[in-house]
file entry09.cif (mmCIF, C-alpha atoms)
data_coords
loop_
_atom_site.label_atom_id
_atom_site.label_comp_id
_atom_site.auth_asym_id
_atom_site.auth_seq_id
_atom_site.Cartn_x
_atom_site.Cartn_y
_atom_site.Cartn_z
CA MET A 9 88.18 153.70 179.79
CA LYS A 10 90.86 151.16 180.77
CA LEU A 11 88.27 148.44 180.72
CA GLY A 12 87.29 149.34 177.11
CA LEU A 13 90.89 149.27 175.93
CA ALA A 14 91.41 145.86 177.52
CA LEU A 15 88.33 144.42 175.80
CA LEU A 16 89.45 145.84 172.47
CA ALA A 17 92.91 144.25 172.80
CA LEU A 18 91.41 140.92 173.80
CA SER A 19 89.11 140.99 170.77
CA GLY A 20 92.05 141.63 168.39
CA SER A 21 94.03 138.74 169.84
CA ALA A 22 91.12 136.37 169.43
CA SER A 23 90.62 137.49 165.83
CA ALA A 24 94.31 136.91 165.01
CA PHE A 25 94.24 133.47 166.64
CA SER A 26 91.14 132.58 164.61
CA THR A 27 92.84 133.67 161.34
CA VAL A 28 95.95 131.57 162.07
CA GLY A 29 93.78 128.57 162.88
CA GLN A 30 91.87 128.89 159.64
CA THR A 31 95.11 129.17 157.65
CA ARG A 32 96.52 126.02 159.25
CA THR A 33 93.30 124.13 158.59
CA SER A 34 93.26 125.19 154.93
CA THR A 35 96.90 124.19 154.50
CA ALA A 36 96.24 120.76 155.99
CA LEU A 37 93.23 120.20 153.74
CA PHE A 38 95.29 121.22 150.64
CA GLN A 39 98.03 118.80 151.59
CA MET A 40 95.48 115.99 151.97
CA VAL A 41 94.05 116.75 148.52
CA ALA A 42 97.51 116.96 146.93
CA GLU A 43 98.62 113.67 148.50
CA LYS A 44 95.49 111.78 147.38
CA PRO A 45 96.54 109.15 144.74
CA LYS A 46 95.26 109.59 141.19
CA GLN A 47 92.48 107.18 140.33
CA MET A 48 93.05 104.89 137.32
CA THR A 49 90.66 105.21 134.44
CA ARG A 50 88.89 102.19 133.02
CA PHE A 51 91.28 102.20 130.05
CA ASP A 52 94.31 102.27 132.39
CA ARG A 53 92.98 99.28 134.31
CA ILE A 54 92.37 97.30 131.09
CA LYS A 55 95.83 98.21 129.77
CA ALA A 56 97.53 97.13 133.01
CA ASN A 57 95.75 93.78 133.05
CA TYR A 58 96.17 92.99 129.30
CA LYS A 59 98.46 90.01 128.75
CA GLY A 60 98.15 89.70 124.97
CA PRO A 61 95.79 87.65 122.82
CA LYS A 62 95.00 84.22 124.11
CA VAL A 63 95.53 81.47 121.56
CA GLU A 64 94.36 78.02 122.45
CA ILE A 65 96.35 75.26 120.72
CA SER A 66 95.05 71.76 120.75
CA SER A 67 97.36 69.08 122.08
CA GLY A 68 97.38 67.17 118.78
CA ILE A 69 98.15 70.09 116.45
CA GLU A 70 101.83 69.11 116.05
CA ASP A 71 100.82 65.65 114.86
CA GLU A 72 98.41 67.18 112.34
CA VAL A 73 100.94 69.54 110.72
CA GLY A 74 103.80 67.07 110.83
CA PHE A 75 106.31 69.13 112.82
CA SER A 76 106.64 70.76 116.21
CA TYR A 77 107.11 74.40 117.10
CA ASP A 78 110.62 73.59 118.29
CA SER A 79 111.56 72.04 114.93
CA PHE A 80 110.03 75.00 113.09
CA GLU A 81 112.08 77.43 115.17
CA GLU A 82 115.23 75.44 114.45
CA ALA A 83 114.51 75.47 110.71
CA VAL A 84 114.01 79.23 110.70
CA SER A 85 117.24 79.75 112.67
CA ALA A 86 119.15 77.51 110.26
CA THR A 87 117.96 79.37 107.16
CA ASP A 88 120.83 81.37 105.66
CA TYR A 89 119.81 84.61 103.98
CA SER A 90 123.39 85.69 103.34
CA PHE A 91 124.01 86.93 99.80
CA ASN A 92 127.24 88.14 98.25
CA ARG A 93 127.93 90.44 95.35
CA ASN A 94 127.99 88.57 92.00
CA ASP A 95 125.97 85.64 93.38
CA VAL A 96 123.38 84.31 90.92
CA VAL A 97 120.06 83.56 92.61
CA THR A 98 116.60 82.51 91.52
CA GLY A 99 113.83 85.03 92.07
CA THR A 100 110.39 86.19 90.98
CA VAL A 101 109.32 89.67 89.93
CA VAL A 102 106.42 90.55 92.22
CA GLN A 103 105.79 94.19 91.41
CA TYR A 104 106.68 96.86 88.86
CA ASP A 105 108.03 99.96 90.53
CA LYS A 106 109.19 103.37 89.35
CA GLY A 107 112.42 102.87 87.45
CA GLY A 108 112.46 99.08 87.79
CA CYS A 109 110.76 96.25 89.63
CA VAL A 110 110.72 94.46 92.98
CA VAL A 111 112.10 90.92 93.03
CA ASP A 112 111.51 88.25 95.65
CA ILE A 113 114.76 86.29 96.08
CA GLY A 114 113.86 84.69 99.41
CA ALA A 115 115.80 87.23 101.47
CA LYS A 116 114.60 89.09 104.53
CA SER A 117 113.63 91.94 102.24
CA SER A 118 112.96 92.12 98.51
CA ALA A 119 115.61 93.00 95.93
CA PHE A 120 115.29 95.76 93.33
CA LEU A 121 115.97 95.41 89.60
CA PRO A 122 116.72 98.80 87.96
CA GLN A 123 115.46 99.12 84.39
CA GLN A 124 118.97 99.64 83.00
CA GLU A 125 119.85 96.20 84.38
CA ALA A 126 116.69 94.51 83.04
CA ALA A 127 118.06 93.41 79.66
CA LEU A 128 121.24 93.44 77.59
CA VAL A 129 119.47 94.93 74.59
CA GLN A 130 116.84 97.62 75.13
CA GLU A 131 115.17 99.60 72.40
CA GLN A 132 114.91 103.33 72.91
CA GLY A 133 111.87 104.19 74.99
CA ALA A 134 111.35 100.61 76.16
CA GLN A 135 109.28 100.15 79.33
CA ILE A 136 110.13 97.79 82.18
CA GLU A 137 106.84 95.93 81.59
CA ASN A 138 108.06 94.97 78.10
CA LEU A 139 111.42 93.72 79.35
CA ILE A 140 110.58 91.65 82.43
CA GLU A 141 107.57 89.37 82.87
CA LEU A 142 105.63 89.66 86.12
CA ASP A 143 105.40 86.56 88.37
CA ALA A 144 107.91 84.67 86.20
CA GLU A 145 110.76 82.88 87.93
CA ARG A 146 114.25 83.50 86.54
CA GLU A 147 117.87 84.05 87.51
CA PHE A 148 119.24 87.35 88.81
CA GLN A 149 122.77 88.42 89.62
CA ILE A 150 123.38 90.39 92.82
CA ILE A 151 125.31 93.56 92.02
CA SER A 152 125.40 95.39 95.36
CA GLU A 153 125.74 94.95 99.08
CA GLU A 154 122.69 95.34 101.32
CA ASP A 155 121.67 98.92 102.01
CA GLU A 156 120.47 100.22 105.39
CA ASN A 157 117.07 98.60 104.76
CA GLY A 158 118.58 95.24 103.88
CA GLN A 159 117.68 95.63 100.18
CA LEU A 160 119.90 94.37 97.35
CA LEU A 161 120.26 95.44 93.71
CA VAL A 162 120.07 92.68 91.09
CA SER A 163 120.71 92.44 87.36
CA VAL A 164 119.53 90.41 84.38
CA ARG A 165 121.71 92.29 81.88
CA ARG A 166 124.96 90.99 83.36
CA ILE A 167 123.80 87.38 83.12
CA GLU A 168 122.78 87.91 79.49
CA TYR A 169 126.13 89.62 78.84
CA ARG A 170 128.08 86.53 79.94
CA GLN A 171 125.77 84.25 77.97
CA ALA A 172 126.27 86.43 74.87
CA TRP A 173 130.04 86.12 75.13
CA ASP A 174 129.72 82.33 75.46
CA LYS A 175 127.76 82.26 72.19
CA VAL A 176 130.24 84.58 70.47
CA VAL A 177 133.18 82.41 71.51
CA ALA A 178 131.35 79.35 70.20
CA LYS A 179 130.83 81.09 66.82
CA ARG A 180 134.49 82.01 66.68
CA ASP A 181 135.58 78.46 67.47
CA THR A 182 133.49 77.03 64.65
CA ASP A 183 134.55 79.90 62.35
CA GLU A 184 131.03 80.02 60.93
CA VAL A 185 129.33 82.73 58.88
CA PHE A 186 126.52 84.47 60.74
CA ASP A 187 124.05 87.26 60.08
CA ALA A 188 123.88 90.45 62.14
CA GLU A 189 122.05 93.77 61.97
CA CYS A 190 123.71 97.16 61.61
CA VAL A 191 122.69 99.54 64.41
CA SER A 192 124.87 102.56 63.64
CA VAL A 193 127.62 103.91 61.38
CA ASN A 194 130.62 106.15 61.94
CA ARG A 195 133.52 107.57 59.93
CA GLY A 196 135.57 104.40 60.27
CA GLY A 197 132.92 101.80 59.61
CA ALA A 198 129.73 100.43 61.16
CA ILE A 199 128.46 98.82 64.38
CA PHE A 200 126.60 95.50 64.25
CA LEU A 201 124.77 93.73 67.04
CA VAL A 202 126.06 90.18 67.51
CA GLU A 203 124.21 88.19 70.21
CA GLY A 204 123.45 91.52 71.86
CA LEU A 205 127.09 92.65 71.82
CA ARG A 206 128.40 95.54 69.72
CA ALA A 207 130.86 94.50 67.02
CA PHE A 208 132.85 96.87 64.82
CA LEU A 209 132.94 96.42 61.06
CA PRO A 210 135.81 98.43 59.49
CA GLY A 211 134.81 100.22 56.30
CA SER A 212 137.53 98.35 54.40
CA HIS A 213 135.80 95.06 55.22
CA LEU A 214 132.41 96.09 53.81
CA THR A 215 131.82 94.62 50.35
CA GLY A 216 130.51 96.71 47.47
CA ARG A 217 129.45 99.85 49.33
CA LEU A 218 130.35 102.55 51.83
CA PRO A 219 129.22 102.58 55.47
CA ASP A 220 126.51 105.25 55.23
CA GLU A 221 123.21 105.81 57.04
CA ASP A 222 121.36 103.60 54.57
CA LEU A 223 123.22 100.65 56.06
CA VAL A 224 121.48 101.05 59.45
CA GLY A 225 118.82 98.39 59.94
CA GLN A 226 120.22 96.08 57.25
CA THR A 227 121.37 92.53 57.96
CA LEU A 228 124.65 91.30 56.47
CA PRO A 229 126.64 88.05 56.57
CA LEU A 230 129.72 88.39 58.78
CA LYS A 231 132.70 86.51 60.13
CA PHE A 232 134.91 87.37 63.08
CA LEU A 233 138.27 89.04 62.66
CA GLU A 234 138.96 89.48 66.38
CA VAL A 235 137.29 88.26 69.56
CA ASN A 236 138.76 89.62 72.78
CA GLN A 237 136.49 89.19 75.79
CA GLU A 238 139.00 90.64 78.23
CA ASP A 239 139.10 93.94 76.35
CA ASN A 240 135.42 93.69 75.33
CA LYS A 241 136.46 93.94 71.70
CA LEU A 242 134.70 92.41 68.69
CA VAL A 243 135.78 93.06 65.10
CA VAL A 244 133.89 91.52 62.16
CA SER A 245 134.23 91.34 58.39
CA ASN A 246 131.57 91.27 55.70
CA ARG A 247 134.15 90.88 52.91
CA ARG A 248 135.58 87.73 54.46
CA ALA A 249 132.12 86.19 54.88
CA VAL A 250 131.19 86.96 51.26
CA VAL A 251 134.47 85.66 49.83
CA GLU A 252 134.40 82.42 51.81
CA THR A 253 130.76 81.82 50.91
CA GLN A 254 131.58 82.29 47.21
CA MET A 255 134.57 79.94 47.48
CA GLU A 256 132.43 77.24 49.06
CA SER A 257 129.87 77.62 46.30
CA LEU A 258 132.58 77.21 43.64
CA SER A 259 134.04 74.17 45.36
CA ARG A 260 130.61 72.53 45.32
CA GLY A 261 130.12 73.45 41.67
CA ASP A 262 127.04 75.61 42.34
#

call {"tool": "encode", "arguments": {"input": "entry09.cif", "output": "structure tokens"}}
result
Amino acid sequence: MKLGLALLALSGSASAFSTVGQTRTSTALFQMVAEKPKQMTRFDRIKANYKGPKVEISSGIEDEVGFSYDSFEEAVSATDYSFNRNDVVTGTVVQYDKGGCVVDIGAKSSAFLPQQEAALVQEQGAQIENLIELDAEREFQIISEEDENGQLLVSVRRIEYRQAWDKVVAKRDTDEVFDAECVSVNRGGAIFLVEGLRAFLPGSHLTGRLPDEDLVGQTLPLKFLEVNQEDNKLVVSNRRAVVETQMESLSRGD
């Protein structure tokens, strides 16, 4: 009986020792697997060894093109792309875009010309394609600072506005009679377009008629009564133009 109990106890101890041994062996194998470095894929190996495209440059290329890479780098560094508001620059319209067009002015990024800045005089319903010619070189005035994308806003209208005032001042200085078209009427008189600028004709200076809607679209001879560029004020007279024209005709004996 005692011998049987002893054998049973010895068998249990051996079984426990075997279980512990197996556990330790499994743990060691798991650690070996976990510590094994990850193998690189073929793509990883190619990526690690890639040094960029190889460009072979012949030794005489600088002589062929007439300048060296060092001189080209210096020229690029010396190029000044700084633009200020109100600067007038030369550019080319390269693309019509919604609400305007894209203009190449030689800057780091293109400038944008809004349609309302495309011309001093625009007929109702006019399209940008009818106002600005594509691929044509012309002058543009910068009217904004660079935005977050480095883009500038430019204008043609403001250049034409200054040119129109120069022509108006020249007409005033020569005190000549000129023709202009009526574009609208109001209770006090009528509005005429003179070199693209709006000039007011008082009703009392309209000869032989009243300023009604029938006057719109008609062209009349005019002379200036007041030219004030600072206040953007133009006042014209049809009566003065008619009277002076008649006096000149009488003096010539016509």

call {"tool": "closest_residue", "arguments": {"input": "entry09.cif", "among": "A:Lys116, A:Lys106, A:Lys231, A:Arg170", "to": "A:Phe186", "atoms": "only C-alpha atoms"}}
result
A:Lys231

call {"tool": "resolve_selection", "arguments": {"input": "entry09.cif", "expression": "the PyMOL selection byres ((chain A and resi 99-102) around 8)", "output": "short mmCIF file (atom, residue, chain, number, x, y, z; two decimals) with C-alpha atoms, in the coordinates of the input"}}
result
data_model
loop_
_atom_site.label_atom_id
_atom_site.label_comp_id
_atom_site.auth_asym_id
_atom_site.auth_seq_id
_atom_site.Cartn_x
_atom_site.Cartn_y
_atom_site.Cartn_z
CA VAL A 97 120.06 83.56 92.61
CA THR A 98 116.60 82.51 91.52
CA GLN A 103 105.79 94.19 91.41
CA TYR A 104 106.68 96.86 88.86
CA CYS A 109 110.76 96.25 89.63
CA VAL A 110 110.72 94.46 92.98
CA VAL A 111 112.10 90.92 93.03
CA ASP A 112 111.51 88.25 95.65
CA ILE A 113 114.76 86.29 96.08
CA GLY A 114 113.86 84.69 99.41
CA ILE A 140 110.58 91.65 82.43
CA GLU A 141 107.57 89.37 82.87
CA LEU A 142 105.63 89.66 86.12
CA ASP A 143 105.40 86.56 88.37
CA ALA A 144 107.91 84.67 86.20
CA GLU A 145 110.76 82.88 87.93
CA ARG A 146 114.25 83.50 86.54
CA GLU A 147 117.87 84.05 87.51
CA PHE A 148 119.24 87.35 88.81
#

call {"tool": "residues_around", "arguments": {"input": "entry09.cif", "residues": "A:Phe91", "least_positions_apart": "4", "cutoff": "9 Å", "atoms": "all atoms listed in the file", "output": "ChimeraX atom specification"}}
result
/A:95,97,115,150,153-154,160

call {"tool": "write_last_selection", "arguments": {"input": "entry09.cif", "atoms": "C-alpha atoms", "output": "PDB file, in the coordinates of the input"}}
result
ATOM      1  CA  ASP A  95     125.970  85.640  93.380  1.00  0.00           C
ATOM      2  CA  VAL A  97     120.060  83.560  92.610  1.00  0.00           C
ATOM      3  CA  ALA A 115     115.800  87.230 101.470  1.00  0.00           C
ATOM      4  CA  ILE A 150     123.380  90.390  92.820  1.00  0.00           C
ATOM      5  CA  GLU A 153     125.740  94.950  99.080  1.00  0.00           C
ATOM      6  CA  GLU A 154     122.690  95.340 101.320  1.00  0.00           C
ATOM      7  CA  LEU A 160     119.900  94.370  97.350  1.00  0.00           C
TER       8      LEU A 160
END

call {"tool": "closest_atom_pairs", "arguments": {"input": "entry09.cif", "of": "stretch 127-232 of chain A", "to": "stretch 236-240 of chain A", "cutoff": "10 Å", "atoms": "only C-alpha atoms", "output": "JSON lines"}}
result
{"residue": "A:Arg170", "atom": "CA", "partner": "A:Gln237", "partner_atom": "CA", "distance": 9.7}
{"residue": "A:Trp173", "atom": "CA", "partner": "A:Gln237", "partner_atom": "CA", "distance": 7.2}
{"residue": "A:Asp174", "atom": "CA", "partner": "A:Gln237", "partner_atom": "CA", "distance": 9.6}
{"residue": "A:Val176", "atom": "CA", "partner": "A:Gln237", "partner_atom": "CA", "distance": 9.4}
{"residue": "A:Val177", "atom": "CA", "partner": "A:Gln237", "partner_atom": "CA", "distance": 8.7}
{"residue": "A:Leu205", "atom": "CA", "partner": "A:Asn240", "partner_atom": "CA", "distance": 9.1}
{"residue": "A:Arg206", "atom": "CA", "partner": "A:Asn240", "partner_atom": "CA", "distance": 9.2}
{"residue": "A:Ala207", "atom": "CA", "partner": "A:Asn240", "partner_atom": "CA", "distance": 9.5}

call {"tool": "closest_residue", "arguments": {"input": "entry09.cif", "among": "A:Ser257, A:Gln130, A:Gln135, A:Asn246", "to": "A:Asp105", "atoms": "only C-alpha atoms"}}
result
A:Gln135

call {"tool": "closest_residue", "arguments": {"input": "entry09.cif", "among": "A:Leu201, A:Leu128, A:Leu242, A:Leu228", "to": "A:Val185", "atoms": "only C-alpha atoms"}}
result
A:Leu228

call {"tool": "closest_residue", "arguments": {"input": "entry09.cif", "among": "A:Asn138, A:Gln124, A:Ser118, A:Ser192", "to": "A:Ser163", "atoms": "only C-alpha atoms"}}
result
A:Gln124

call {"tool": "closest_residue", "arguments": {"input": "entry09.cif", "among": "A:Glu256, A:Asp181, A:Glu221, A:Glu131", "to": "A:Glu234", "atoms": "all atoms listed in the file"}}
result
A:Asp181

call {"tool": "atom_distance", "arguments": {"input": "entry09.cif", "atom1": "atom CA of A:Asn194", "atom2": "atom CA of A:Arg248"}}
result
20.5 Å

call {"tool": "closest_residue", "arguments": {"input": "entry09.cif", "among": "A:Ser259, A:Val202, A:Gln123, A:Gln132", "to": "A:Lys241", "atoms": "only C-alpha atoms"}}
result
A:Val202

call {"tool": "atom_distance", "arguments": {"input": "entry09.cif", "atom1": "atom CA of A:Cys190", "atom2": "atom CA of A:Gln226"}}
result
5.7 Å

call {"tool": "atom_distance", "arguments": {"input": "entry09.cif", "atom1": "atom CA of A:Pro122", "atom2": "atom CA of A:Gly108"}}
result
4.3 Å

call {"tool": "axis_aligned_box", "arguments": {"input": "entry09.cif", "around": "stretch 88-104 of chain A", "padding_each_side": "8 Å", "output": "lines of an AutoDock Vina configuration file"}}
result
center_x = 116.9
center_y = 89.1
center_z = 97.3
size_x = 38.2
size_y = 31.5
size_z = 32.8

call {"tool": "build_atoms", "arguments": {"input": "entry09.cif", "residues": "stretch 191-215 of chain A", "atoms": "N, CA, C and O atoms", "output": "JSON list (two decimals), keeping the file's coordinate frame"}}
result
[["chain", "number", "residue", "atom", "x", "y", "z"],
["A", 191, "VAL", "N", 123.45, 98.65, 63.52],
["A", 191, "VAL", "CA", 122.69, 99.54, 64.41],
["A", 191, "VAL", "C", 123.17, 100.98, 64.32],
["A", 191, "VAL", "O", 122.46, 101.90, 64.74],
["A", 192, "SER", "N", 124.38, 101.19, 63.79],
["A", 192, "SER", "CA", 124.87, 102.56, 63.64],
["A", 192, "SER", "C", 126.09, 102.56, 62.73],
["A", 192, "SER", "O", 126.71, 101.52, 62.48],
["A", 193, "VAL", "N", 126.43, 103.75, 62.22],
["A", 193, "VAL", "CA", 127.62, 103.91, 61.38],
["A", 193, "VAL", "C", 128.45, 105.06, 61.90],
["A", 193, "VAL", "O", 127.94, 105.96, 62.59],
["A", 194, "ASN", "N", 129.74, 105.04, 61.59],
["A", 194, "ASN", "CA", 130.62, 106.15, 61.94],
["A", 194, "ASN", "C", 131.62, 106.36, 60.81],
["A", 194, "ASN", "O", 131.55, 105.71, 59.77],
["A", 195, "ARG", "N", 132.58, 107.23, 61.00],
["A", 195, "ARG", "CA", 133.52, 107.57, 59.93],
["A", 195, "ARG", "C", 134.40, 106.38, 59.56],
["A", 195, "ARG", "O", 134.84, 106.25, 58.42],
["A", 196, "GLY", "N", 134.66, 105.51, 60.54],
["A", 196, "GLY", "CA", 135.57, 104.40, 60.27],
["A", 196, "GLY", "C", 134.90, 103.13, 59.81],
["A", 196, "GLY", "O", 135.57, 102.21, 59.33],
["A", 197, "GLY", "N", 133.60, 103.03, 59.98],
["A", 197, "GLY", "CA", 132.92, 101.80, 59.61],
["A", 197, "GLY", "C", 131.50, 101.76, 60.16],
["A", 197, "GLY", "O", 130.79, 102.76, 60.14],
["A", 198, "ALA", "N", 131.10, 100.61, 60.68],
["A", 198, "ALA", "CA", 129.73, 100.43, 61.16],
["A", 198, "ALA", "C", 129.72, 99.54, 62.39],
["A", 198, "ALA", "O", 130.67, 98.78, 62.64],
["A", 199, "ILE", "N", 128.64, 99.63, 63.17],
["A", 199, "ILE", "CA", 128.46, 98.82, 64.38],
["A", 199, "ILE", "C", 127.32, 97.84, 64.14],
["A", 199, "ILE", "O", 126.22, 98.23, 63.74],
["A", 200, "PHE", "N", 127.61, 96.56, 64.39],
["A", 200, "PHE", "CA", 126.60, 95.50, 64.25],
["A", 200, "PHE", "C", 126.36, 94.87, 65.62],
["A", 200, "PHE", "O", 127.26, 94.82, 66.47],
["A", 201, "LEU", "N", 125.14, 94.39, 65.79],
["A", 201, "LEU", "CA", 124.77, 93.73, 67.04],
["A", 201, "LEU", "C", 124.89, 92.22, 66.85],
["A", 201, "LEU", "O", 124.15, 91.63, 66.06],
["A", 202, "VAL", "N", 125.83, 91.62, 67.59],
["A", 202, "VAL", "CA", 126.06, 90.18, 67.51],
["A", 202, "VAL", "C", 125.75, 89.55, 68.86],
["A", 202, "VAL", "O", 126.47, 89.80, 69.84],
["A", 203, "GLU", "N", 124.66, 88.80, 68.95],
["A", 203, "GLU", "CA", 124.21, 88.19, 70.21],
["A", 203, "GLU", "C", 124.03, 89.24, 71.31],
["A", 203, "GLU", "O", 124.24, 88.98, 72.49],
["A", 204, "GLY", "N", 123.66, 90.45, 70.90],
["A", 204, "GLY", "CA", 123.45, 91.52, 71.86],
["A", 204, "GLY", "C", 124.69, 92.33, 72.15],
["A", 204, "GLY", "O", 124.62, 93.34, 72.87],
["A", 205, "LEU", "N", 125.84, 91.93, 71.62],
["A", 205, "LEU", "CA", 127.09, 92.65, 71.82],
["A", 205, "LEU", "C", 127.41, 93.51, 70.60],
["A", 205, "LEU", "O", 127.10, 93.13, 69.47],
["A", 206, "ARG", "N", 128.06, 94.63, 70.80],
["A", 206, "ARG", "CA", 128.40, 95.54, 69.72],
["A", 206, "ARG", "C", 129.72, 95.11, 69.07],
["A", 206, "ARG", "O", 130.74, 94.99, 69.75],
["A", 207, "ALA", "N", 129.67, 94.90, 67.78],
["A", 207, "ALA", "CA", 130.86, 94.50, 67.02],
["A", 207, "ALA", "C", 131.16, 95.55, 65.97],
["A", 207, "ALA", "O", 130.25, 96.10, 65.33],
["A", 208, "PHE", "N", 132.44, 95.83, 65.78],
["A", 208, "PHE", "CA", 132.85, 96.87, 64.82],
["A", 208, "PHE", "C", 133.21, 96.25, 63.48],
["A", 208, "PHE", "O", 133.99, 95.28, 63.40],
["A", 209, "LEU", "N", 132.63, 96.81, 62.42],
["A", 209, "LEU", "CA", 132.94, 96.42, 61.06],
["A", 209, "LEU", "C", 133.73, 97.55, 60.40],
["A", 209, "LEU", "O", 133.16, 98.61, 60.10],
["A", 210, "PRO", "N", 135.04, 97.38, 60.17],
["A", 210, "PRO", "CA", 135.81, 98.43, 59.49],
["A", 210, "PRO", "C", 135.27, 98.66, 58.08],
["A", 210, "PRO", "O", 134.82, 97.73, 57.41],
["A", 211, "GLY", "N", 135.32, 99.90, 57.63],
["A", 211, "GLY", "CA", 134.81, 100.22, 56.30],
["A", 211, "GLY", "C", 135.50, 99.44, 55.20],
["A", 211, "GLY", "O", 134.88, 99.12, 54.18],
["A", 212, "SER", "N", 136.78, 99.10, 55.42],
["A", 212, "SER", "CA", 137.53, 98.35, 54.40],
["A", 212, "SER", "C", 137.07, 96.91, 54.29],
["A", 212, "SER", "O", 137.42, 96.22, 53.32],
["A", 213, "HIS", "N", 136.29, 96.43, 55.24],
["A", 213, "HIS", "CA", 135.80, 95.06, 55.22],
["A", 213, "HIS", "C", 134.31, 94.99, 54.87],
["A", 213, "HIS", "O", 133.67, 93.97, 55.10],
["A", 214, "LEU", "N", 133.79, 96.07, 54.31],
["A", 214, "LEU", "CA", 132.41, 96.09, 53.81],
["A", 214, "LEU", "C", 132.45, 95.94, 52.29],
["A", 214, "LEU", "O", 133.11, 96.71, 51.59],
["A", 215, "THR", "N", 131.76, 94.95, 51.78],
["A", 215, "THR", "CA", 131.82, 94.62, 50.35],
["A", 215, "THR", "C", 130.83, 95.44, 49.52],
["A", 215, "THR", "O", 129.64, 95.47, 49.83]]
